[in-house]
>>> print(open('structure_17.cif').read())   # mmCIF, C-alpha atoms (C1' of nucleotides)
data_my_file
#
loop_
_atom_site.label_atom_id
_atom_site.label_comp_id
_atom_site.auth_asym_id
_atom_site.auth_seq_id
_atom_site.Cartn_x
_atom_site.Cartn_y
_atom_site.Cartn_z
CA MET B 1 -195.30 -69.73 -113.20
CA ARG B 2 -195.30 -73.46 -113.67
CA SER B 3 -192.43 -75.26 -111.96
CA SER B 4 -190.06 -77.22 -114.13
CA LYS B 5 -189.50 -79.68 -111.30
CA PRO B 6 -191.37 -82.97 -111.48
CA ILE B 7 -194.52 -82.87 -109.39
CA LEU B 8 -193.97 -86.44 -108.26
CA CYS B 9 -192.64 -86.77 -104.76
CA GLN B 10 -193.02 -83.10 -103.84
CA LYS B 11 -194.62 -84.25 -100.58
CA ARG B 12 -192.11 -84.76 -97.79
CA SER B 13 -193.02 -88.08 -96.22
CA LYS B 14 -190.02 -88.41 -93.89
CA LEU B 15 -189.28 -91.77 -95.35
CA LYS B 16 -187.20 -93.92 -93.02
CA PRO B 17 -184.47 -96.22 -94.30
CA ALA B 18 -186.38 -99.23 -92.97
CA GLN B 19 -189.25 -98.37 -95.33
CA LEU B 20 -187.09 -98.95 -98.36
CA ALA B 21 -188.05 -102.61 -98.44
CA GLY B 22 -191.70 -101.61 -98.64
CA VAL B 23 -191.00 -99.25 -101.49
CA TYR B 24 -189.35 -102.05 -103.41
CA ALA B 25 -192.30 -104.34 -102.86
CA ALA B 26 -194.66 -101.67 -104.18
CA LEU B 27 -192.60 -101.07 -107.31
CA ARG B 28 -192.05 -104.74 -108.03
CA LYS B 29 -195.77 -105.35 -107.75
CA VAL B 30 -196.35 -102.81 -110.52
CA PHE B 31 -193.42 -103.47 -112.84
CA GLY B 32 -192.51 -107.08 -112.09
CA HIS B 33 -188.95 -108.34 -111.94
CA GLN B 34 -186.65 -106.34 -114.23
CA ASN B 35 -184.00 -108.00 -116.33
CA TRP B 36 -181.16 -105.53 -115.95
CA TRP B 37 -178.67 -104.25 -117.07
CA PRO B 38 -179.12 -104.07 -120.87
CA GLY B 39 -176.06 -105.85 -122.26
CA GLU B 40 -175.35 -109.20 -123.83
CA THR B 41 -172.14 -109.90 -121.90
CA PRO B 42 -170.49 -108.64 -118.67
CA PHE B 43 -167.87 -106.91 -120.82
CA GLU B 44 -170.58 -105.10 -122.77
CA VAL B 45 -172.18 -104.04 -119.47
CA MET B 46 -168.86 -102.53 -118.37
CA VAL B 47 -168.47 -100.61 -121.61
CA GLY B 48 -172.08 -99.43 -121.36
CA ALA B 49 -171.51 -98.23 -117.78
CA ILE B 50 -168.79 -95.86 -118.99
CA LEU B 51 -170.63 -94.77 -122.13
CA THR B 52 -173.80 -93.89 -120.22
CA GLN B 53 -172.08 -91.34 -117.98
CA ASN B 54 -174.31 -88.25 -118.10
CA THR B 55 -175.93 -89.60 -121.25
CA ALA B 56 -179.33 -91.08 -122.11
CA TRP B 57 -179.23 -94.82 -122.74
CA THR B 58 -180.79 -94.43 -126.19
CA HIS B 59 -177.58 -92.67 -127.29
CA VAL B 60 -175.41 -95.34 -125.71
CA GLU B 61 -177.27 -98.00 -127.70
CA LYS B 62 -176.14 -96.37 -130.94
CA ALA B 63 -172.52 -96.30 -129.81
CA ILE B 64 -172.66 -99.94 -128.72
CA LEU B 65 -174.20 -100.88 -132.05
CA ASN B 66 -171.30 -99.16 -133.81
CA LEU B 67 -168.83 -101.09 -131.67
CA ARG B 68 -170.63 -104.36 -132.37
CA LYS B 69 -170.70 -103.77 -136.14
CA ALA B 70 -166.97 -102.99 -136.04
CA LYS B 71 -166.39 -106.16 -133.97
CA MET B 72 -164.94 -104.06 -131.18
CA LEU B 73 -167.00 -105.36 -128.27
CA SER B 74 -164.24 -107.42 -126.72
CA PHE B 75 -161.29 -106.76 -124.48
CA ALA B 76 -158.74 -107.76 -127.14
CA ALA B 77 -160.35 -105.53 -129.77
CA LEU B 78 -160.68 -102.46 -127.53
CA ARG B 79 -157.14 -102.96 -126.26
CA SER B 80 -155.81 -102.78 -129.81
CA ILE B 81 -157.90 -99.99 -131.36
CA SER B 82 -156.53 -96.45 -131.44
CA GLN B 83 -158.19 -93.84 -129.23
CA LYS B 84 -159.05 -91.78 -132.29
CA GLU B 85 -160.84 -94.69 -134.01
CA LEU B 86 -162.63 -95.57 -130.79
CA ALA B 87 -163.80 -91.98 -130.33
CA GLN B 88 -165.43 -92.01 -133.77
CA LEU B 89 -167.25 -95.28 -133.08
CA ILE B 90 -168.70 -94.04 -129.78
CA ARG B 91 -169.52 -90.56 -131.09
CA PRO B 92 -173.32 -90.91 -130.69
CA ALA B 93 -172.90 -91.34 -126.92
CA GLY B 94 -171.51 -87.81 -126.57
CA TYR B 95 -168.30 -86.73 -124.80
CA PHE B 96 -166.65 -89.14 -127.22
CA ASN B 97 -163.07 -87.93 -126.69
CA VAL B 98 -163.44 -88.10 -122.92
CA LYS B 99 -165.11 -91.50 -123.00
CA ALA B 100 -162.61 -92.96 -125.47
CA ASP B 101 -159.85 -92.01 -123.04
CA ARG B 102 -161.79 -93.48 -120.12
CA LEU B 103 -162.36 -96.74 -121.99
CA ARG B 104 -158.67 -96.89 -122.82
CA CYS B 105 -157.77 -96.40 -119.15
CA PHE B 106 -160.26 -99.09 -118.18
CA MET B 107 -158.80 -101.56 -120.71
CA GLU B 108 -155.35 -100.84 -119.26
CA PHE B 109 -156.76 -101.62 -115.84
CA LEU B 110 -158.26 -104.92 -117.02
CA ASP B 111 -154.99 -105.83 -118.69
CA ARG B 112 -153.03 -105.02 -115.54
CA GLU B 113 -155.40 -106.79 -113.15
CA CYS B 114 -156.48 -109.90 -115.01
CA CYS B 115 -155.26 -109.77 -118.63
CA GLY B 116 -158.89 -109.17 -119.62
CA ASP B 117 -160.14 -112.36 -117.94
CA LEU B 118 -163.19 -111.27 -115.95
CA THR B 119 -163.44 -114.59 -114.09
CA LEU B 120 -160.05 -113.78 -112.56
CA LEU B 121 -161.18 -110.25 -111.74
CA LYS B 122 -164.27 -111.54 -109.94
CA ARG B 123 -162.17 -113.51 -107.48
CA ALA B 124 -161.37 -110.35 -105.53
CA GLY B 125 -163.73 -109.24 -102.77
CA MET B 126 -166.15 -106.39 -103.42
CA PRO B 127 -164.49 -103.75 -101.19
CA VAL B 128 -161.05 -104.41 -102.66
CA LEU B 129 -162.39 -104.43 -106.21
CA ARG B 130 -164.37 -101.22 -105.62
CA LYS B 131 -161.28 -99.45 -104.33
CA LYS B 132 -159.31 -100.55 -107.38
CA LEU B 133 -162.04 -99.44 -109.79
CA LEU B 134 -162.30 -96.03 -108.14
CA ALA B 135 -158.58 -95.58 -108.68
CA VAL B 136 -159.05 -95.88 -112.45
CA LYS B 137 -159.24 -92.52 -114.22
CA GLY B 138 -162.81 -91.93 -115.37
CA ILE B 139 -164.40 -94.49 -113.05
CA GLY B 140 -166.36 -92.66 -110.36
CA PRO B 141 -168.55 -94.20 -107.67
CA GLU B 142 -171.68 -94.71 -109.79
CA THR B 143 -169.80 -96.28 -112.66
CA ALA B 144 -167.79 -98.48 -110.28
CA ASP B 145 -170.93 -99.71 -108.53
CA SER B 146 -172.70 -100.36 -111.86
CA ILE B 147 -169.75 -102.45 -113.01
CA LEU B 148 -169.58 -104.31 -109.69
CA LEU B 149 -173.29 -105.05 -109.49
CA TYR B 150 -174.33 -105.66 -113.08
CA ALA B 151 -171.16 -106.98 -114.71
CA LEU B 152 -169.30 -108.68 -111.86
CA ARG B 153 -172.32 -109.61 -109.75
CA LYS B 154 -171.01 -108.13 -106.52
CA ARG B 155 -173.30 -106.71 -103.81
CA SER B 156 -172.71 -103.00 -104.33
CA PHE B 157 -175.78 -100.75 -104.44
CA VAL B 158 -175.89 -98.24 -107.30
CA ILE B 159 -176.95 -94.67 -106.57
CA ASP B 160 -177.81 -92.60 -109.61
CA THR B 161 -179.60 -89.39 -110.50
CA TYR B 162 -182.91 -91.25 -110.51
CA THR B 163 -182.40 -92.55 -106.97
CA ARG B 164 -181.55 -89.14 -105.58
CA ARG B 165 -184.36 -87.46 -107.50
CA ILE B 166 -187.06 -89.79 -106.25
CA PHE B 167 -185.98 -90.43 -102.69
CA SER B 168 -184.80 -86.93 -101.77
CA ARG B 169 -188.34 -85.76 -102.38
CA HIS B 170 -189.56 -88.33 -99.89
CA GLY B 171 -187.16 -86.91 -97.30
CA LEU B 172 -184.80 -89.87 -97.17
CA ALA B 173 -181.74 -87.64 -97.55
CA PRO B 174 -180.89 -84.29 -99.15
CA GLU B 175 -180.34 -84.63 -102.89
CA GLN B 176 -176.96 -82.93 -102.35
CA ALA B 177 -175.84 -85.55 -99.81
CA SER B 178 -172.68 -87.36 -100.81
CA TYR B 179 -172.77 -90.47 -102.95
CA GLU B 180 -171.39 -92.54 -100.09
CA THR B 181 -174.09 -91.25 -97.72
CA TRP B 182 -176.83 -92.37 -100.11
CA ARG B 183 -175.15 -95.71 -100.70
CA GLU B 184 -174.76 -96.30 -96.98
CA ILE B 185 -178.49 -95.67 -96.36
CA PHE B 186 -179.54 -98.29 -98.90
CA THR B 187 -176.84 -100.77 -97.94
CA GLN B 188 -177.76 -100.55 -94.25
CA ALA B 189 -181.50 -100.75 -94.81
CA LEU B 190 -181.64 -103.63 -97.27
CA PRO B 191 -180.74 -107.28 -96.72
CA PRO B 192 -177.45 -108.15 -98.46
CA ASP B 193 -179.09 -109.82 -101.44
CA LEU B 194 -177.49 -109.53 -104.86
CA ASP B 195 -180.72 -109.96 -106.79
CA LEU B 196 -182.47 -107.40 -104.57
CA PHE B 197 -179.71 -104.80 -105.12
CA ASN B 198 -179.86 -105.48 -108.85
CA ASP B 199 -183.62 -105.32 -109.18
CA TYR B 200 -184.11 -102.42 -106.75
CA HIS B 201 -182.00 -100.07 -108.82
CA ALA B 202 -183.71 -101.33 -111.97
CA GLN B 203 -187.11 -100.59 -110.43
CA ILE B 204 -186.01 -97.06 -109.54
CA ALA B 205 -184.80 -96.45 -113.08
CA ARG B 206 -188.00 -97.87 -114.54
CA THR B 207 -190.11 -95.65 -112.27
CA ALA B 208 -188.11 -92.51 -112.95
CA LYS B 209 -188.12 -93.02 -116.71
CA ALA B 210 -191.85 -93.57 -116.72
CA TYR B 211 -192.97 -90.88 -114.29
CA CYS B 212 -190.25 -88.49 -113.20
CA ARG B 213 -188.97 -86.84 -116.34
CA LYS B 214 -191.70 -84.53 -117.45
CA VAL B 215 -194.31 -83.05 -115.23
CA PRO B 216 -197.45 -84.60 -116.78
CA GLN B 217 -195.89 -88.06 -116.74
CA CYS B 218 -195.43 -87.93 -112.96
CA GLU B 219 -199.11 -88.48 -112.48
CA GLY B 220 -199.89 -92.10 -111.84
CA CYS B 221 -196.52 -92.99 -110.37
CA PRO B 222 -196.89 -96.05 -108.11
CA LEU B 223 -194.88 -94.27 -105.41
CA ASN B 224 -197.56 -91.60 -105.14
CA ARG B 225 -199.99 -94.29 -103.99
CA TYR B 226 -197.44 -95.86 -101.66
CA PHE B 227 -196.81 -92.64 -99.79
"C1'" DG C 228 -183.17 -73.03 -130.76
"C1'" DG C 229 -183.19 -74.64 -126.10
"C1'" DC C 230 -183.45 -78.23 -122.77
"C1'" DC C 231 -182.21 -82.52 -121.12
"C1'" DA C 232 -180.07 -87.13 -120.50
"C1'" DG C 233 -178.31 -93.33 -115.72
"C1'" DG C 234 -170.74 -88.59 -114.39
"C1'" DA C 235 -166.24 -87.56 -113.64
"C1'" DC C 236 -162.46 -84.62 -113.37
"C1'" DA C 237 -159.52 -80.43 -113.24
"C1'" DC C 238 -159.10 -76.19 -111.35
"C1'" DC C 239 -159.66 -72.61 -108.04
"C1'" DA C 240 -160.78 -70.02 -103.81
"C1'" DT O 241 -163.39 -79.15 -99.08
"C1'" DG O 242 -166.91 -77.38 -101.88
"C1'" DG O 243 -168.25 -74.87 -106.04
"C1'" DT O 244 -167.81 -74.33 -110.97
"C1'" DG O 245 -166.55 -75.13 -115.78
"C1'" DT O 246 -165.78 -78.59 -119.23
"C1'" DC O 247 -166.57 -82.45 -122.05
"C1'" DA O 248 -170.83 -83.36 -126.77
"C1'" DT O 249 -174.34 -85.89 -129.10
"C1'" DG O 250 -179.15 -86.40 -130.47
"C1'" DG O 251 -184.24 -86.65 -129.35
"C1'" DC O 252 -188.06 -83.87 -128.25
#
>>> encode(input="structure_17.cif", output="structure tokens")
Amino acid sequence: MRSSKPILCQKRSKLKPAQLAGVYAALRKVFGHQNWWPGETPFEVMVGAILTQNTAWTHVEKAILNLRKAKMLSFAALRSISQKELAQLIRPAGYFNVKADRLRCFMEFLDRECCGDLTLLKRAGMPVLRKKLLAVKGIGPETADSILLYALRKRSFVIDTYTRRIFSRHGLAPEQASYETWREIFTQALPPDLDLFNDYHAQIARTAKAYCRKVPQCEGCPLNRYF
DNA sequence: GGCCAGGACACCA
DNA sequence: TGGTGTCATGGC
């Protein structure tokens, strides 16, 4: 019987954390510098980070388009809209009732912390800001790190399904290892460079989307050559 | 018609 | 503390 698992990265290479820099170099050589995250403004990036929870980005794009058409892509607008109206606008992103509530909680947080002024929010240090974000209902570690890195430009490495999928098969850590364990490995191994953190995660996503979803597409992955 | 996609949380043993 | 169910749409 044919396995449903991607054939990419089935080989256990016992990848060491120090090799992560080499992996990045290999991916960047193939894909070039990525301009991530998709979003016209930091606020839009934050909204997208919540909408994309367990959802393909193509669906999130439709929800964001709805918000844009309704002129709801601003703190003031989202703070004023009812949860029911918001849920209908973000319906294409799935889990719309859950995500409408999470967006509402996040707007409350922004109001409480900085009255919606992101330049004020950015003044806080990364660890403090991360702790505050994680205390918001509906903001878990991945969403918090995406907001920190891509919207607020703080050095916080993002671990997502793609990262675990690719690197667990190279023996870096068990896929079931905790989020913080994965994050610690990357944070320890890489120089504390904002652009590197940003682009590294983008490269992983680009690689996974291109080669790790369906079995036939795994052939030709640049990581196969690297290992 | 079934599977899958850039999580997080509540509940329970 | 870890496992499990739930939330939901839309493309393939």
>>> residues_around(input="structure_17.cif", residues="Leu65 (chain B)", least_positions_apart="2", cutoff="12 Å", atoms="all atoms listed in the file", output="PyMOL selection string")
chain B and resi 39-40+44+47-48+58-63+67-73+89-93
>>> closest_residue(input="structure_17.cif", among="B:Lys99, B:Arg153, B:Arg28, B:Arg104", to="chain O", atoms="all atoms listed in the file")
B:Lys99
>>> interface_residues(input="structure_17.cif", of="chain B", to="chain C", cutoff="12 Å", atoms="all atoms listed in the file", output="PyMOL selection string")
chain B and resi 4+37-38+48-60+93-95+98-99+102+134+136-144+146+158-165+179+201-202+204-206+208-209+213-214
>>> write_last_selection(input="structure_17.cif", atoms="C-alpha atoms", output="tab-separated table (two decimals), in the frame of the given file")
chain	number	residue	atom	x	y	z
B	4	SER	CA	-190.06	-77.22	-114.13
B	37	TRP	CA	-178.67	-104.25	-117.07
B	38	PRO	CA	-179.12	-104.07	-120.87
B	48	GLY	CA	-172.08	-99.43	-121.36
B	49	ALA	CA	-171.51	-98.23	-117.78
B	50	ILE	CA	-168.79	-95.86	-118.99
B	51	LEU	CA	-170.63	-94.77	-122.13
B	52	THR	CA	-173.80	-93.89	-120.22
B	53	GLN	CA	-172.08	-91.34	-117.98
B	54	ASN	CA	-174.31	-88.25	-118.10
B	55	THR	CA	-175.93	-89.60	-121.25
B	56	ALA	CA	-179.33	-91.08	-122.11
B	57	TRP	CA	-179.23	-94.82	-122.74
B	58	THR	CA	-180.79	-94.43	-126.19
B	59	HIS	CA	-177.58	-92.67	-127.29
B	60	VAL	CA	-175.41	-95.34	-125.71
B	93	ALA	CA	-172.90	-91.34	-126.92
B	94	GLY	CA	-171.51	-87.81	-126.57
B	95	TYR	CA	-168.30	-86.73	-124.80
B	98	VAL	CA	-163.44	-88.10	-122.92
B	99	LYS	CA	-165.11	-91.50	-123.00
B	102	ARG	CA	-161.79	-93.48	-120.12
B	134	LEU	CA	-162.30	-96.03	-108.14
B	136	VAL	CA	-159.05	-95.88	-112.45
B	137	LYS	CA	-159.24	-92.52	-114.22
B	138	GLY	CA	-162.81	-91.93	-115.37
B	139	ILE	CA	-164.40	-94.49	-113.05
B	140	GLY	CA	-166.36	-92.66	-110.36
B	141	PRO	CA	-168.55	-94.20	-107.67
B	142	GLU	CA	-171.68	-94.71	-109.79
B	143	THR	CA	-169.80	-96.28	-112.66
B	144	ALA	CA	-167.79	-98.48	-110.28
B	146	SER	CA	-172.70	-100.36	-111.86
B	158	VAL	CA	-175.89	-98.24	-107.30
B	159	ILE	CA	-176.95	-94.67	-106.57
B	160	ASP	CA	-177.81	-92.60	-109.61
B	161	THR	CA	-179.60	-89.39	-110.50
B	162	TYR	CA	-182.91	-91.25	-110.51
B	163	THR	CA	-182.40	-92.55	-106.97
B	164	ARG	CA	-181.55	-89.14	-105.58
B	165	ARG	CA	-184.36	-87.46	-107.50
B	179	TYR	CA	-172.77	-90.47	-102.95
B	201	HIS	CA	-182.00	-100.07	-108.82
B	202	ALA	CA	-183.71	-101.33	-111.97
B	204	ILE	CA	-186.01	-97.06	-109.54
B	205	ALA	CA	-184.80	-96.45	-113.08
B	206	ARG	CA	-188.00	-97.87	-114.54
B	208	ALA	CA	-188.11	-92.51	-112.95
B	209	LYS	CA	-188.12	-93.02	-116.71
B	213	ARG	CA	-188.97	-86.84	-116.34
B	214	LYS	CA	-191.70	-84.53	-117.45
>>> closest_atom_pairs(input="structure_17.cif", of="chain O", to="chain B", cutoff="12 Å", atoms="all atoms listed in the file", output="JSON lines")
{"residue": "O:DG242", "atom": "C1'", "partner": "B:Gln176", "partner_atom": "CA", "distance": 11.5}
{"residue": "O:DT246", "atom": "C1'", "partner": "B:Tyr95", "partner_atom": "CA", "distance": 10.2}
{"residue": "O:DC247", "atom": "C1'", "partner": "B:Tyr95", "partner_atom": "CA", "distance": 5.4}
{"residue": "O:DA248", "atom": "C1'", "partner": "B:Gly94", "partner_atom": "CA", "distance": 4.5}
{"residue": "O:DT249", "atom": "C1'", "partner": "B:Gly94", "partner_atom": "CA", "distance": 4.3}
{"residue": "O:DG250", "atom": "C1'", "partner": "B:His59", "partner_atom": "CA", "distance": 7.2}
{"residue": "O:DG251", "atom": "C1'", "partner": "B:Thr58", "partner_atom": "CA", "distance": 9.1}
{"residue": "O:DC252", "atom": "C1'", "partner": "B:Lys214", "partner_atom": "CA", "distance": 11.4}
>>> closest_residue(input="structure_17.cif", among="B:Tyr211, B:Ser82, B:Ala135, B:Met46", to="Asp101 (chain B)", atoms="all atoms listed in the file")
B:Ser82
>>> atom_distance(input="structure_17.cif", atom1="CA of Val45 (chain B)", atom2="CA of Ala151 (chain B)")
5.7 Å
>>> resolve_selection(input="structure_17.cif", expression="the PyMOL selection byres ((chain B and resi 155) around 10)", output="PyMOL selection string")
chain B and resi 125-127+145+148-150+152-154+156-158+187+192-198
>>> atom_distance(input="structure_17.cif", atom1="CA of Leu121 (chain B)", atom2="CA of Leu78 (chain B)")
17.6 Å
>>> closest_residue(input="structure_17.cif", among="B:Gln19, B:Ser80, B:Ser74, B:Asn224", to="Asp117 (chain B)", atoms="all atoms listed in the file")
B:Ser74
>>> atom_distance(input="structure_17.cif", atom1="CA of Ile166 (chain B)", atom2="C1' of DT244 (chain O)")
25.1 Å
>>> build_atoms(input="structure_17.cif", residues="region 53-69 of chain B", atoms="N, CA and C atoms", output="mmCIF file, keeping the file's coordinate frame")
data_model
loop_
_atom_site.group_PDB
_atom_site.id
_atom_site.type_symbol
_atom_site.label_atom_id
_atom_site.label_comp_id
_atom_site.auth_asym_id
_atom_site.auth_seq_id
_atom_site.Cartn_x
_atom_site.Cartn_y
_atom_site.Cartn_z
ATOM 1 N N GLN B 53 -172.334 -92.437 -118.915
ATOM 2 C CA GLN B 53 -172.080 -91.340 -117.980
ATOM 3 C C GLN B 53 -172.693 -90.038 -118.511
ATOM 4 N N ASN B 54 -173.611 -89.502 -117.756
ATOM 5 C CA ASN B 54 -174.310 -88.250 -118.100
ATOM 6 C C ASN B 54 -174.919 -88.282 -119.498
ATOM 7 N N THR B 55 -175.407 -89.422 -119.894
ATOM 8 C CA THR B 55 -175.930 -89.600 -121.250
ATOM 9 C C THR B 55 -177.139 -90.532 -121.219
ATOM 10 N N ALA B 56 -178.147 -90.221 -122.024
ATOM 11 C CA ALA B 56 -179.330 -91.080 -122.110
ATOM 12 C C ALA B 56 -178.949 -92.413 -122.752
ATOM 13 N N TRP B 57 -179.580 -93.482 -122.269
ATOM 14 C CA TRP B 57 -179.230 -94.820 -122.740
ATOM 15 C C TRP B 57 -179.495 -95.002 -124.233
ATOM 16 N N THR B 58 -180.482 -94.299 -124.751
ATOM 17 C CA THR B 58 -180.790 -94.430 -126.190
ATOM 18 C C THR B 58 -179.576 -94.042 -127.040
ATOM 19 N N HIS B 59 -178.783 -93.084 -126.563
ATOM 20 C CA HIS B 59 -177.580 -92.670 -127.290
ATOM 21 C C HIS B 59 -176.475 -93.707 -127.141
ATOM 22 N N VAL B 60 -176.425 -94.303 -125.962
ATOM 23 C CA VAL B 60 -175.410 -95.340 -125.710
ATOM 24 C C VAL B 60 -175.658 -96.542 -126.615
ATOM 25 N N GLU B 61 -176.922 -96.859 -126.834
ATOM 26 C CA GLU B 61 -177.270 -98.000 -127.700
ATOM 27 C C GLU B 61 -176.667 -97.845 -129.093
ATOM 28 N N LYS B 62 -176.703 -96.617 -129.594
ATOM 29 C CA LYS B 62 -176.140 -96.370 -130.940
ATOM 30 C C LYS B 62 -174.638 -96.601 -130.945
ATOM 31 N N ALA B 63 -173.987 -96.129 -129.899
ATOM 32 C CA ALA B 63 -172.520 -96.300 -129.810
ATOM 33 C C ALA B 63 -172.167 -97.779 -129.692
ATOM 34 N N ILE B 64 -172.931 -98.510 -128.897
ATOM 35 C CA ILE B 64 -172.660 -99.940 -128.720
ATOM 36 C C ILE B 64 -172.906 -100.692 -130.030
ATOM 37 N N LEU B 65 -173.931 -100.264 -130.748
ATOM 38 C CA LEU B 65 -174.200 -100.880 -132.050
ATOM 39 C C LEU B 65 -173.027 -100.657 -133.004
ATOM 40 N N ASN B 66 -172.479 -99.447 -132.993
ATOM 41 C CA ASN B 66 -171.300 -99.160 -133.810
ATOM 42 C C ASN B 66 -170.133 -100.067 -133.446
ATOM 43 N N LEU B 67 -169.933 -100.235 -132.135
ATOM 44 C CA LEU B 67 -168.830 -101.090 -131.670
ATOM 45 C C LEU B 67 -169.061 -102.544 -132.095
ATOM 46 N N ARG B 68 -170.315 -102.968 -132.007
ATOM 47 C CA ARG B 68 -170.630 -104.360 -132.370
ATOM 48 C C ARG B 68 -170.397 -104.595 -133.867
ATOM 49 N N LYS B 69 -170.877 -103.649 -134.673
ATOM 50 C CA LYS B 69 -170.700 -103.770 -136.140
ATOM 51 C C LYS B 69 -169.218 -103.810 -136.502
#
